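Structure data (compact mmCIF, C-alpha atoms) from structure_2.txt:
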# COMPACT_ATOMS: atom_id res chain seq x y z
CA MET E 1 -11.55 65.98 30.72
CA LYS E 2 -11.59 63.33 28.03
CA VAL E 3 -8.23 62.03 26.81
CA ALA E 4 -7.13 59.89 23.89
CA GLU E 5 -3.58 58.98 22.88
CA GLY E 6 -2.53 58.43 19.30
CA THR E 7 0.42 58.63 16.95
CA LEU E 8 1.34 60.70 13.91
CA GLY E 9 0.58 59.47 10.42
CA ARG E 10 0.97 61.14 7.05
CA VAL E 11 1.74 64.83 6.62
CA PHE E 12 0.15 66.82 3.80
CA VAL E 13 0.95 70.34 2.64
CA LEU E 14 -1.76 71.88 0.47
CA ARG E 15 -1.32 75.05 -1.54
CA LEU E 16 -4.85 76.35 -1.64
CA GLU E 17 -5.57 78.69 -4.52
CA ASP E 18 -7.52 81.88 -4.99
CA GLY E 19 -11.23 81.35 -4.36
CA GLU E 20 -11.02 77.89 -2.80
CA ARG E 21 -13.43 77.67 0.13
CA LEU E 22 -12.70 76.38 3.61
CA PRO E 23 -13.80 74.20 5.28
CA ASP E 24 -15.28 72.57 2.14
CA CYS E 25 -12.08 71.97 0.14
CA VAL E 26 -10.18 70.51 3.11
CA GLU E 27 -13.04 68.21 4.13
CA ALA E 28 -13.29 67.00 0.51
CA PHE E 29 -9.51 66.41 0.37
CA ALA E 30 -9.63 64.48 3.66
CA THR E 31 -12.46 62.30 2.34
CA GLU E 32 -10.58 61.57 -0.92
CA ARG E 33 -7.35 60.68 0.91
CA GLY E 34 -8.94 58.77 3.79
CA VAL E 35 -7.82 61.22 6.49
CA SER E 36 -10.33 61.08 9.33
CA ARG E 37 -8.41 62.68 12.22
CA ALA E 38 -5.77 65.38 12.01
CA PHE E 39 -4.19 68.54 13.39
CA CYS E 40 -4.40 71.39 10.88
CA ALA E 41 -2.79 74.81 10.38
CA LEU E 42 -3.31 77.60 7.85
CA VAL E 43 -1.34 80.71 6.86
CA GLY E 44 -2.17 83.02 3.99
CA GLY E 45 -4.92 85.36 2.94
CA VAL E 46 -8.71 85.32 2.78
CA ASP E 47 -11.40 87.40 1.13
CA GLY E 48 -15.09 86.75 1.33
CA ALA E 49 -15.11 85.47 4.89
CA THR E 50 -17.77 85.13 7.55
CA ILE E 51 -16.61 83.93 10.94
CA VAL E 52 -18.21 83.16 14.30
CA THR E 53 -16.97 85.73 16.83
CA GLY E 54 -18.78 84.49 19.91
CA PRO E 55 -22.20 83.76 21.32
CA GLU E 56 -24.75 86.54 21.69
CA ASP E 57 -25.20 85.49 25.33
CA GLY E 58 -22.68 83.17 26.98
CA ALA E 59 -25.33 81.87 29.41
CA ALA E 60 -27.94 80.94 26.75
CA LYS E 61 -28.32 77.25 25.86
CA PRO E 62 -28.13 76.54 23.04
CA PRO E 63 -26.03 79.62 22.23
CA VAL E 64 -26.82 81.91 19.31
CA ALA E 65 -23.71 82.56 17.21
CA VAL E 66 -22.51 86.07 16.42
CA LEU E 67 -21.54 86.05 12.73
CA THR E 68 -19.05 88.66 11.53
CA ALA E 69 -18.40 89.38 7.86
CA LEU E 70 -14.81 90.37 7.13
CA THR E 71 -14.43 93.01 4.43
CA GLY E 72 -11.57 93.11 1.96
CA ALA E 73 -8.56 90.85 1.74
CA GLN E 74 -7.30 89.77 5.18
CA GLU E 75 -4.17 88.08 6.48
CA VAL E 76 -4.93 84.82 8.32
CA MET E 77 -3.27 82.32 10.61
CA ALA E 78 -5.37 79.51 12.02
CA VAL E 79 -5.19 76.15 13.77
CA GLY E 80 -7.75 73.41 14.05
CA THR E 81 -8.64 69.76 14.23
CA LEU E 82 -10.27 67.36 11.84
CA PHE E 83 -12.43 64.55 13.27
CA PRO E 84 -15.34 62.57 11.82
CA ASP E 85 -18.92 63.52 12.61
CA ALA E 86 -21.63 61.03 13.62
CA GLU E 87 -21.95 59.91 9.96
CA GLY E 88 -18.19 59.41 9.60
CA ARG E 89 -17.55 62.52 7.46
CA PRO E 90 -14.40 64.53 8.27
CA ARG E 91 -15.34 67.86 9.91
CA LEU E 92 -12.85 70.71 10.30
CA HIS E 93 -13.02 72.81 13.48
CA MET E 94 -10.67 75.74 13.01
CA HIS E 95 -10.21 79.10 14.69
CA GLY E 96 -8.14 81.85 13.19
CA ALA E 97 -6.83 85.37 13.60
CA PHE E 98 -7.65 87.68 10.70
CA GLY E 99 -6.21 91.13 10.09
CA ARG E 100 -6.26 94.07 7.70
CA GLY E 101 -4.47 97.30 8.51
CA GLU E 102 -4.94 98.17 12.18
CA GLU E 103 -7.98 95.91 12.60
CA ALA E 104 -7.90 92.30 13.75
CA ARG E 105 -10.59 89.70 14.44
CA VAL E 106 -10.49 86.20 15.87
CA GLY E 107 -13.11 83.55 15.27
CA CYS E 108 -14.28 80.17 14.01
CA ILE E 109 -14.21 79.58 10.24
CA ARG E 110 -17.15 77.13 10.16
CA PRO E 111 -19.46 79.46 8.16
CA GLY E 112 -16.81 79.57 5.42
CA ILE E 113 -13.82 81.55 4.22
CA ASP E 114 -12.48 81.99 0.68
CA VAL E 115 -8.74 81.92 0.01
CA TRP E 116 -7.30 85.16 -1.34
CA THR E 117 -4.36 84.49 -3.64
CA ILE E 118 -2.76 81.75 -1.51
CA GLY E 119 -3.40 79.61 1.52
CA GLU E 120 -0.77 77.25 2.85
CA PHE E 121 -2.57 74.47 4.70
CA MET E 122 -0.88 71.73 6.73
CA ILE E 123 -2.56 68.47 7.72
CA ILE E 124 -0.85 66.20 10.25
CA GLU E 125 -2.75 62.93 10.40
CA LEU E 126 -3.51 61.48 13.84
CA LEU E 127 -3.68 57.68 14.10
CA GLY E 128 -4.95 55.31 16.77
CA LEU E 129 -7.77 57.56 17.97
CA ASP E 130 -11.52 56.79 18.05
CA MET E 131 -12.83 60.23 18.94
CA THR E 132 -15.67 61.59 16.82
CA ARG E 133 -17.74 64.76 16.82
CA ARG E 134 -21.20 64.30 18.33
CA ARG E 135 -23.86 66.97 18.61
CA ASP E 136 -24.40 67.96 22.23
CA PRO E 137 -28.12 68.76 22.77
CA ALA E 138 -27.41 71.34 25.48
CA THR E 139 -24.99 73.45 23.45
CA GLY E 140 -25.77 72.48 19.86
CA PHE E 141 -22.01 72.09 19.28
CA GLU E 142 -20.35 69.02 17.80
CA LEU E 143 -18.09 67.97 20.69
CA LEU E 144 -15.32 65.37 20.65
CA CYS E 145 -16.48 62.11 22.23
CA ASP E 146 -15.29 58.52 22.38
CA SER E 147 -16.78 56.47 19.53

Just give me the structure of the file as structure tokens.
Amino acid sequence: MKVAEGTLGRVFVLRLEDGERLPDCVEAFATERGVSRAFCALVGGVDGATIVTGPEDGAAKPPVAVLTALTGAQEVMAVGTLFPDAEGRPRLHMHGAFGRGEEARVGCIRPGIDVWTIGEFMIIELLGLDMTRRRDPATGFELLCDS
């Protein structure tokens, strides 16, 4: 286990609008406002979403992602973290639950989701931390590491 202790900074509430794309719009906002590390949450709707719903084979290294396209407008609630990558750019890692009718899916939003009508996005800045995302050669994932 790797541990870092920090404090809370600024709090932002973003009303994302129809067609805005995550993670792109949040990473751009974080860059503009100088937010490098944060806890994030999302509630709202999405349409035009592809999510990662697991590896093809959990034992394979590096894993091959299973991509799932969501069809039609979906309800969403998601949580995630924002930390800089090796080049210092803010990178959002967010997992969400998506639903339409009787069907629900859970997965990572990294491939991109488009807001449908409204997305309420909260950013709680984390201060006093050095952790960054570094690509792990064994998994291919960007894992949190000490700077």

Item to complete: Considering all atoms listed in the file, return as a list in words whatever protein or nucleic-acid residues lie within 8 Å of Pro55 in chain E, sequence-local ones (same chain, fewer than 3 positions apart) excluded.
Response: Gly58, Pro63, Val64, Ala65 and Val66 of chain E

Fill in: E:Ala86, E:Ala38, E:Arg15, E:Arg105 ranked by distance to Gly54 in chain E, top pick (using all atoms listed in the file)
E:Arg105

Worksheet entry | Residues near Leu92 in chain E, cut-off 8 Å, only C-alpha atoms, skip fewer than 6 positions along chain, as a list in words |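 With the cut-off at 8 Å, the set is Pro23, Val26, Glu27, Gly80, Thr81, Leu82, Phe83 and Arg110 of chain E.
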
Discussion item. When you look at Phe121 in chain E with a cut-off of 6 Å (counting only C-alpha atoms), what residues show up, excluding the ones that are within fewer than 3 positions of it in the same chain? I need them as a PyMOL selection string.
Written reply: chain E and resi 13-14+41-42

Practice prompt. Rounded to one decimal place, report the CA of Ala49 in chain E-CA of Lys61 in chain E distance in Å.
Written response: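 These two atoms are separated by 26.1 Å.
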
Worksheet item: To one decimal place, how far is CA of Thr117 in chain E from CA of Gly45 in chain E in Å?
Response: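 So the two atoms, CA of Thr117 in chain E and CA of Gly45 in chain E, lie 6.7 Å apart.
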
List the neighbours of Val35 in chain E out to 12 Å using only C-alpha atoms; skip same-chain residues closer than 3 positions along the sequence, and give me the result as a CSV table (one decimal) with C-alpha atoms, in the frame of the given file.
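Everything below was put into around13.csv:
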chain,number,residue,atom,x,y,z
E,8,LEU,CA,1.3,60.7,13.9
E,9,GLY,CA,0.6,59.5,10.4
E,10,ARG,CA,1.0,61.1,7.0
E,11,VAL,CA,1.7,64.8,6.6
E,12,PHE,CA,0.2,66.8,3.8
E,26,VAL,CA,-10.2,70.5,3.1
E,27,GLU,CA,-13.0,68.2,4.1
E,28,ALA,CA,-13.3,67.0,0.5
E,29,PHE,CA,-9.5,66.4,0.4
E,30,ALA,CA,-9.6,64.5,3.7
E,31,THR,CA,-12.5,62.3,2.3
E,32,GLU,CA,-10.6,61.6,-0.9
E,38,ALA,CA,-5.8,65.4,12.0
E,39,PHE,CA,-4.2,68.5,13.4
E,40,CYS,CA,-4.4,71.4,10.9
E,81,THR,CA,-8.6,69.8,14.2
E,82,LEU,CA,-10.3,67.4,11.8
E,83,PHE,CA,-12.4,64.6,13.3
E,84,PRO,CA,-15.3,62.6,11.8
E,88,GLY,CA,-18.2,59.4,9.6
E,89,ARG,CA,-17.6,62.5,7.5
E,90,PRO,CA,-14.4,64.5,8.3
E,91,ARG,CA,-15.3,67.9,9.9
E,92,LEU,CA,-12.8,70.7,10.3
E,123,ILE,CA,-2.6,68.5,7.7
E,124,ILE,CA,-0.8,66.2,10.2
E,125,GLU,CA,-2.8,62.9,10.4
E,126,LEU,CA,-3.5,61.5,13.8
E,127,LEU,CA,-3.7,57.7,14.1

Worksheet item: What gap, in Å, lies between CA of Thr68 in chain E and CA of Thr50 in chain E?
Response: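 Computing the Euclidean distance for CA of Thr68 in chain E and CA of Thr50 in chain E yields 5.5 Å.
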
Worksheet, complete the sentence: One residue among E:Glu5, E:Asp57, E:Asp146, E:Asp24 is nearest to Arg133 in chain E when using only C-alpha atoms, and that residue is E:Asp146

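Proximity to Gly6 in chain E was assessed for E:Gly72, E:Pro137, E:Met131, E:Ala104 counting only C-alpha atoms; the smallest distance is recorded for E:Met131.
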
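For the choices E:Ala69, E:Ile118, E:Ile109, E:Ala4, the atom-to-atom distance to Gly44 in chain E is smallest for E:Ile118 when using all atoms listed in the file.
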
Discussion item. My list of candidates is E:Lys2, E:Ala73, E:Gly19, E:Gly96. Which is closest to Val43 in chain E when distances are computed with only C-alpha atoms?
Written reply: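 Result for the nearest residue to Val43 in chain E: E:Gly96.
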
Item to complete: Have a look at E:Glu120, E:Met1, E:Leu67, E:Gln74 and name the one nearest to Thr53 in chain E; count all atoms listed in the file.
Response: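 Among the listed residues, E:Leu67 lies closest to Thr53 in chain E.
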
Worksheet item: Using only C-alpha atoms, which residues sit within 9 Å of Val115 in chain E once same-chain residues fewer than 4 positions away are excluded, as number ranges by chain?
Response: E: 16-22, 44-49, 119
